[in-house]
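With mmCIF, C-alpha atoms inside, this is upload.cif:
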data_input
#
loop_
_atom_site.label_atom_id
_atom_site.label_comp_id
_atom_site.auth_asym_id
_atom_site.auth_seq_id
_atom_site.Cartn_x
_atom_site.Cartn_y
_atom_site.Cartn_z
CA MET A 1 -1.18 2.42 21.66
CA ASN A 2 1.02 1.62 24.66
CA ARG A 3 -0.49 -1.23 26.69
CA LEU A 4 2.15 -1.99 29.34
CA TRP A 5 -0.83 -2.01 31.74
CA LEU A 6 -2.18 -5.25 30.33
CA VAL A 7 -0.56 -7.54 32.87
CA LEU A 8 -0.58 -5.15 35.81
CA PRO A 9 -3.17 -5.19 38.59
CA LEU A 10 -6.10 -2.84 38.26
CA ALA A 11 -7.20 -0.59 41.11
CA ALA A 12 -10.96 -0.33 41.47
CA CYS A 13 -12.00 3.20 40.61
CA THR A 14 -15.10 4.54 38.94
CA PRO A 15 -14.59 8.09 37.69
CA LYS A 16 -17.26 10.65 37.09
CA ILE A 17 -17.69 10.75 33.33
CA PRO A 18 -18.09 14.28 31.97
CA PRO A 19 -21.53 15.05 30.54
CA SER A 20 -22.05 15.29 26.81
CA PRO A 21 -21.02 18.60 25.31
CA SER A 22 -23.46 20.62 23.25
CA ILE A 23 -23.08 19.09 19.80
CA SER A 24 -24.34 20.82 16.69
CA GLN A 25 -24.81 18.85 13.51
CA ALA A 26 -23.21 20.53 10.51
CA PRO A 27 -23.90 19.31 6.96
CA SER A 28 -22.24 15.94 6.40
CA ALA A 29 -23.87 14.54 3.27
CA ILE A 30 -21.36 12.88 0.95
CA ASP A 31 -21.71 13.45 -2.79
CA ARG A 32 -20.45 10.03 -3.80
CA GLU A 33 -20.97 10.64 -7.51
CA ALA A 34 -18.44 13.47 -7.31
CA LEU A 35 -15.77 11.39 -5.58
CA PRO A 36 -12.84 10.03 -7.56
CA GLU A 37 -12.42 6.29 -7.83
CA VAL A 38 -10.35 5.26 -4.84
CA VAL A 39 -9.62 1.80 -3.48
CA LEU A 40 -9.29 1.08 0.24
CA ARG A 41 -7.72 -2.02 1.76
CA GLY A 42 -6.62 -3.02 5.24
CA ALA A 43 -4.26 -5.51 6.84
CA VAL A 44 -3.56 -6.83 10.34
CA VAL A 45 0.22 -6.66 10.70
CA ALA A 46 0.44 -7.80 14.34
CA THR A 47 -1.64 -8.73 17.36
CA THR A 48 -1.23 -8.05 21.08
CA LYS A 49 -2.94 -9.11 24.26
CA MET A 50 -6.18 -7.17 24.75
CA SER A 51 -8.24 -6.95 27.94
CA ARG A 52 -11.76 -5.66 27.33
CA HIS A 53 -12.08 -4.68 30.98
CA LEU A 54 -9.14 -2.30 30.66
CA ALA A 55 -9.88 -1.21 27.10
CA ALA A 56 -13.24 0.25 28.19
CA MET A 57 -14.52 0.80 31.71
CA GLY A 58 -17.17 -1.77 32.52
CA GLY A 59 -16.07 -4.16 29.78
CA GLU A 60 -15.95 -7.90 30.28
CA LYS A 61 -12.99 -9.31 32.18
CA THR A 62 -11.75 -11.33 29.25
CA ASP A 63 -8.45 -11.38 27.37
CA GLU A 64 -8.39 -11.48 23.57
CA ARG A 65 -5.97 -10.72 20.77
CA GLY A 66 -6.22 -7.14 19.57
CA PRO A 67 -5.22 -6.43 15.95
CA VAL A 68 -2.69 -3.81 14.89
CA HIS A 69 -4.00 -2.39 11.61
CA VAL A 70 -2.58 -0.60 8.61
CA PHE A 71 -4.94 0.74 5.94
CA ALA A 72 -3.96 1.48 2.35
CA LEU A 73 -5.75 3.92 0.05
CA GLN A 74 -4.99 4.02 -3.65
CA HIS A 75 -5.86 7.49 -4.92
CA PRO A 76 -5.85 8.45 -8.62
CA THR A 77 -3.76 11.60 -8.13
CA GLU A 78 -2.19 11.24 -4.66
CA GLY A 79 -0.91 7.73 -5.20
CA LEU A 80 -0.64 5.13 -2.45
CA VAL A 81 -1.48 6.54 0.98
CA LEU A 82 -1.35 4.64 4.27
CA ILE A 83 -3.41 5.30 7.37
CA ASP A 84 -1.06 4.40 10.22
CA ALA A 85 1.99 2.23 9.68
CA GLY A 86 1.79 -0.35 12.44
CA TYR A 87 4.95 -2.16 13.43
CA GLY A 88 7.38 -2.61 10.55
CA ARG A 89 10.18 -4.80 9.29
CA ARG A 90 12.43 -4.04 12.23
CA THR A 91 9.87 -5.48 14.63
CA ALA A 92 9.27 -8.47 12.34
CA VAL A 93 12.98 -9.30 12.54
CA ASP A 94 13.28 -8.79 16.30
CA PRO A 95 10.52 -7.41 18.56
CA PHE A 96 13.09 -7.18 21.36
CA ASP A 97 14.90 -4.60 19.23
CA HIS A 98 11.73 -2.60 18.71
CA PRO A 99 9.51 -1.90 20.61
CA GLY A 100 11.93 -3.52 23.08
CA ARG A 101 12.11 -6.61 25.26
CA LEU A 102 9.90 -5.26 28.07
CA ALA A 103 7.15 -3.92 25.81
CA ALA A 104 7.16 -6.99 23.56
CA LYS A 105 6.74 -9.31 26.54
CA LEU A 106 4.13 -7.27 28.35
CA LEU A 107 2.11 -6.82 25.17
CA ASP A 108 2.60 -10.48 24.25
CA LEU A 109 3.36 -9.07 20.80
CA GLU A 110 2.95 -11.44 17.86
CA MET A 111 4.20 -9.94 14.64
CA GLY A 112 2.70 -10.88 11.29
CA THR A 113 3.76 -9.56 7.89
CA PRO A 114 4.59 -5.84 7.89
CA MET A 115 2.81 -3.64 5.39
CA ALA A 116 5.98 -2.97 3.42
CA ASP A 117 6.14 -6.69 2.58
CA LEU A 118 2.42 -6.94 1.76
CA LEU A 119 2.44 -4.22 -0.89
CA PRO A 120 3.65 -6.51 -3.72
CA ASP A 121 0.22 -8.18 -3.43
CA ILE A 122 -1.24 -5.04 -5.02
CA GLY A 123 1.64 -4.39 -7.43
CA ALA A 124 3.38 -1.81 -5.25
CA THR A 125 6.59 -1.44 -3.21
CA ASP A 126 7.54 0.48 -0.09
CA ARG A 127 8.87 3.31 -2.27
CA ASP A 128 5.46 3.77 -3.89
CA VAL A 129 3.92 5.03 -0.65
CA SER A 130 3.50 8.79 -1.09
CA ALA A 131 2.13 9.60 2.38
CA VAL A 132 1.38 8.08 5.76
CA ILE A 133 -1.44 9.62 7.80
CA LEU A 134 -0.77 8.92 11.47
CA THR A 135 -3.75 8.90 13.81
CA HIS A 136 -1.16 9.41 16.57
CA LEU A 137 2.49 8.66 17.23
CA HIS A 138 2.42 5.66 19.56
CA ASP A 139 4.79 2.89 18.52
CA ASP A 140 2.19 0.45 17.24
CA HIS A 141 0.80 3.09 14.87
CA ALA A 142 3.98 4.88 13.81
CA ALA A 143 7.01 2.58 14.08
CA GLY A 144 6.57 1.19 10.58
CA VAL A 145 7.09 4.57 8.90
CA GLU A 146 10.80 3.83 8.66
CA ASP A 147 9.93 1.27 5.96
CA PHE A 148 8.57 4.04 3.68
CA PRO A 149 11.48 6.40 3.01
CA LYS A 150 9.78 8.53 0.35
CA ALA A 151 6.49 9.07 2.19
CA MET A 152 5.36 12.41 3.56
CA LEU A 153 4.16 11.99 7.14
CA TRP A 154 0.96 13.64 8.30
CA ALA A 155 0.37 14.12 12.03
CA ASP A 156 -1.32 16.66 14.25
CA ARG A 157 1.15 19.34 15.32
CA ALA A 158 0.37 18.73 19.01
CA ASP A 159 1.35 15.06 18.67
CA TRP A 160 4.48 15.94 16.72
CA ARG A 161 5.58 18.21 19.57
CA PHE A 162 4.61 15.65 22.21
CA ALA A 163 6.60 12.89 20.50
CA ASP A 164 9.91 14.77 20.33
CA ARG A 165 11.59 12.44 22.84
CA PRO A 166 11.15 8.90 24.18
CA ARG A 167 8.33 8.50 26.71
CA LEU A 168 8.43 4.92 27.94
CA THR A 169 5.09 4.77 29.74
CA ARG A 170 3.41 6.72 26.93
CA GLY A 171 4.53 4.36 24.17
CA ILE A 172 6.55 7.04 22.36
CA ASP A 173 9.84 6.33 20.59
CA PRO A 174 10.64 8.98 17.96
CA GLU A 175 13.58 7.11 16.45
CA PRO A 176 11.63 5.67 13.45
CA TYR A 177 10.55 9.12 12.27
CA GLN A 178 13.31 11.43 13.52
CA GLY A 179 14.45 13.77 10.77
CA ARG A 180 11.48 12.99 8.52
CA ASP A 181 9.32 15.62 6.85
CA PHE A 182 6.01 16.15 8.61
CA ARG A 183 2.94 18.09 7.59
CA HIS A 184 0.19 19.09 9.97
CA PRO A 185 -3.52 19.57 9.29
CA THR A 186 -4.87 23.04 10.03
CA TYR A 187 -8.51 21.96 10.45
CA SER A 188 -9.47 25.11 8.59
CA HIS A 189 -12.39 23.68 6.60
CA GLY A 190 -15.00 24.33 9.29
CA PRO A 191 -17.52 21.97 10.89
CA TRP A 192 -18.58 18.61 9.49
CA GLY A 193 -21.31 16.58 11.14
CA PRO A 194 -20.65 16.54 14.91
CA PHE A 195 -17.08 17.80 14.55
CA GLU A 196 -16.35 21.49 14.90
CA ARG A 197 -13.34 21.50 12.57
CA HIS A 198 -11.89 19.35 9.83
CA THR A 199 -9.34 19.20 7.04
CA ASP A 200 -10.24 17.92 3.58
CA LEU A 201 -6.77 16.56 3.01
CA PHE A 202 -6.79 16.24 -0.78
CA GLY A 203 -9.53 18.76 -1.48
CA ASP A 204 -11.81 16.18 -3.12
CA GLY A 205 -13.72 14.76 -0.17
CA THR A 206 -11.93 11.40 -0.08
CA VAL A 207 -9.99 11.90 3.17
CA LEU A 208 -11.23 14.10 6.01
CA LEU A 209 -9.22 14.61 9.21
CA PHE A 210 -10.78 15.57 12.55
CA PRO A 211 -9.00 16.53 15.78
CA GLY A 212 -9.55 13.87 18.45
CA PRO A 213 -7.31 14.73 21.42
CA GLY A 214 -7.40 12.82 24.67
CA HIS A 215 -5.52 9.59 24.08
CA THR A 216 -2.60 11.76 22.99
CA PRO A 217 -2.52 15.56 22.68
CA GLY A 218 -2.91 15.42 18.92
CA SER A 219 -4.80 12.25 18.14
CA MET A 220 -6.75 12.43 14.86
CA LEU A 221 -9.78 10.66 13.43
CA VAL A 222 -9.62 9.81 9.72
CA LEU A 223 -12.71 9.54 7.51
CA VAL A 224 -12.23 7.82 4.15
CA ASN A 225 -15.00 8.26 1.60
CA THR A 226 -15.25 6.05 -1.47
CA PRO A 227 -17.94 6.07 -4.16
CA SER A 228 -19.74 3.26 -2.33
CA HIS A 229 -19.12 3.65 1.42
CA SER A 230 -17.28 5.52 4.19
CA TRP A 231 -15.05 4.38 7.05
CA LEU A 232 -14.22 6.42 10.14
CA PHE A 233 -10.95 5.28 11.69
CA LEU A 234 -10.82 6.23 15.37
CA GLY A 235 -7.17 5.46 15.99
CA ASP A 236 -7.00 4.92 19.74
CA ALA A 237 -9.76 7.34 20.68
CA ALA A 238 -11.39 3.96 21.39
CA TRP A 239 -9.45 0.72 21.57
CA THR A 240 -12.64 -1.34 21.28
CA ASP A 241 -16.25 -0.69 20.29
CA ASP A 242 -17.14 -0.90 23.99
CA GLY A 243 -15.82 2.63 24.32
CA TRP A 244 -18.61 4.23 22.27
CA LYS A 245 -21.24 1.78 21.08
CA ASP A 246 -23.48 1.51 24.15
CA GLY A 247 -22.67 4.81 25.81
CA VAL A 248 -19.39 6.55 26.47
CA HIS A 249 -16.93 4.38 28.40
CA PRO A 250 -13.40 5.65 29.02
CA LYS A 251 -10.56 3.19 29.38
CA GLY A 252 -9.84 1.35 32.60
CA TYR A 253 -8.12 2.87 35.62
CA LEU A 254 -4.47 2.31 34.76
CA PRO A 255 -4.52 3.24 31.04
CA ARG A 256 -6.85 6.13 31.82
CA ASN A 257 -4.42 7.62 34.31
CA LEU A 258 -1.06 6.46 33.01
CA ILE A 259 -1.34 6.40 29.23
CA GLU A 260 -4.09 8.85 28.26
CA THR A 261 -2.94 12.47 28.25
CA ASP A 262 -6.47 13.74 29.03
CA TRP A 263 -9.12 11.04 29.22
CA ARG A 264 -11.85 13.55 30.01
CA GLU A 265 -11.10 15.40 26.80
CA GLY A 266 -11.27 12.06 25.06
CA THR A 267 -14.86 11.53 26.17
CA ASP A 268 -15.83 14.61 24.13
CA VAL A 269 -14.60 12.78 21.03
CA LEU A 270 -16.60 9.66 21.88
CA TYR A 271 -19.80 11.62 22.39
CA ARG A 272 -19.36 13.06 18.90
CA VAL A 273 -18.63 9.65 17.40
CA ARG A 274 -21.83 8.28 18.93
CA THR A 275 -23.95 10.74 16.95
CA LEU A 276 -22.83 8.94 13.79
CA ILE A 277 -24.17 5.55 14.88
CA GLY A 278 -26.86 4.33 12.53
CA ARG A 279 -25.59 5.85 9.30
CA ASP A 280 -25.99 3.08 6.73
CA ASP A 281 -23.17 4.47 4.59
CA LEU A 282 -20.59 4.61 7.40
CA THR A 283 -18.56 2.02 9.31
CA ILE A 284 -16.83 3.12 12.52
CA VAL A 285 -13.53 1.31 13.11
CA SER A 286 -12.06 1.25 16.63
CA GLY A 287 -8.30 1.05 16.94
CA HIS A 288 -7.83 -2.51 18.23
CA GLU A 289 -11.28 -4.09 18.34
CA PRO A 290 -10.70 -7.87 18.17
CA ALA A 291 -13.79 -8.35 15.99
CA ASN A 292 -12.21 -6.16 13.30
CA ALA A 293 -10.02 -9.06 12.25
CA GLU A 294 -13.10 -11.07 11.24
CA ARG A 295 -15.58 -8.47 10.03
CA LEU A 296 -13.30 -6.34 7.83
CA PRO A 297 -12.24 -7.78 4.46
CA GLU A 298 -8.90 -9.56 4.52
CA TRP A 299 -5.91 -8.15 2.71
CA PRO A 300 -5.72 -7.56 -0.25
CA THR A 301 -9.49 -7.60 -0.90
CA PRO A 302 -10.75 -4.09 -1.77
CA TRP A 303 -13.36 -2.72 0.60
#
Structure rendered as structure tokens:
Amino acid sequence: MNRLWLVLPLAACTPKIPPSPSISQAPSAIDREALPEVVLRGAVVATTKMSRHLAAMGGEKTDERGPVHVFALQHPTEGLVLIDAGYGRRTAVDPFDHPGRLAAKLLDLEMGTPMADLLPDIGATDRDVSAVILTHLHDDHAAGVEDFPKAMLWADRADWRFADRPRLTRGIDPEPYQGRDFRHPTYSHGPWGPFERHTDLFGDGTVLLFPGPGHTPGSMLVLVNTPSHSWLFLGDAAWTDDGWKDGVHPKGYLPRNLIETDWREGTDVLYRVRTLIGRDDLTIVSGHEPANAERLPEWPTPW
């Protein structure tokens, strides 16, 4: 997520929010007894300044610290898989080097421990990471991939094409992943719940990918299913829960018009997410919700 807008003035503007699309509900029951034993963990590797008023239209005019997450899934056959990579070692050494002096200051970036240096807590190293699933290719989700040289990178093809060159105001710097091998989901497995298409990444129901364009052309939502619970990671389809929890609320004026590639398309995603509210076996995780840091188990506690 690029948030150069955080310290800029906000023009008052209330857009007309598109109406809800017609949403069909496809089968979405999860056969947990058939799932392999997988272990999910998550870590906050950095924090940045977060304005709720700009993160979701109509939000409170308060500033908080928004977490930058990396999630780690240990799979019995696929090995160690990350969902997003956050900022990495390069940023930990010098944020002015990456994401750069201007971005680091405007974001008020505070770097913690990068995921590559947290992995020894679970008996792993950076070279044990077999894949990184990228919800999108903004710096704070993708920069850390350079710490995982053996990992296959998964990203939507539309994002991969969009992120082929630096885009300062869009938060895109392809240097960390230039020349790396990418794979792209085909979303060929048909509808699931409110989503019209999905990819069952490993073919066993543990990781489902859904297209979620709007924030970027190829943003993805990632559903992780374990034998006991499920988590839907929204990436930056919503920065905070205010975007979807009590109605659909697009981001504030400046991020909506400067950073989002198609905020109206993004509302379609939020309408679909809202139909999942109330499922006892599912937790919806917004990209940078400040409350995530307290309500999700701390690293390295399994979820």
*Can you list what the PyMOL selection byres ((chain A and resi 214) around 12) grabs from this structure, as number ranges by chain?*
A: 136, 158-159, 211-213, 215-221, 234-238, 250-251, 255-257, 259-270
*Excluding same-chain residues fewer than 2 positions from region 12-29 of chain A, what lies within 9 Å of it counting only C-alpha atoms, as a PyMOL selection string?*
chain A and resi 10+31+57+191-196+248-250+252-253+264-265+267-268+271-272+275
*Can you tell me, as a list in words, what residues are no more than 7 Å from Phe182 (chain A) when counting only C-alpha atoms, ignoring any on the same chain fewer than 2 positions away?*
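Surrounding residues, per the criterion: Met152, Leu153, Trp154, Ala155, Arg180 and His184 of chain A.
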*Check which residues satisfy the PyMOL selection byres ((chain A and resi 88-96) around 6) in the file shown, then give them as a ChimeraX atom specification.*
/A:87,97-101,111,114,144
*Have a look at CA of Leu54 (chain A) and CA of Pro67 (chain A) and let me know their distance in Å, one decimal.*
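Here the two named atoms are 15.8 Å from each other.
With distances taken over all atoms listed in the file, A:His69 is the one residue among A:Asp181, A:His69, A:Thr226, A:Pro149 lying closest to Leu296 (chain A).
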*asked:* I need the residue nearest Val68 (chain A) from this list: A:Arg41, A:Arg279, A:His141, A:His198. Use all atoms listed in the file for the distance.
replied: A:His141
*asked:* I'd like the neighbourhood of Thr301 (chain A) as a ChimeraX atom specification, where a residue qualifies if any of its atoms comes within 10 Å (using all atoms listed in the file), though same-chain residues fewer than 3 positions away should be ignored.
replied: /A:39-43,122,296-298
*Rounded to one decimal in Å, what is the spacing between CA of Asp117 (chain A) and CA of Leu73 (chain A)?*
16.1 Å
*To one decimal in Å, tell me the separation between CA of Lys105 (chain A) and CA of Ile83 (chain A).*
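CA of Lys105 (chain A) sits 26.2 Å away from CA of Ile83 (chain A).
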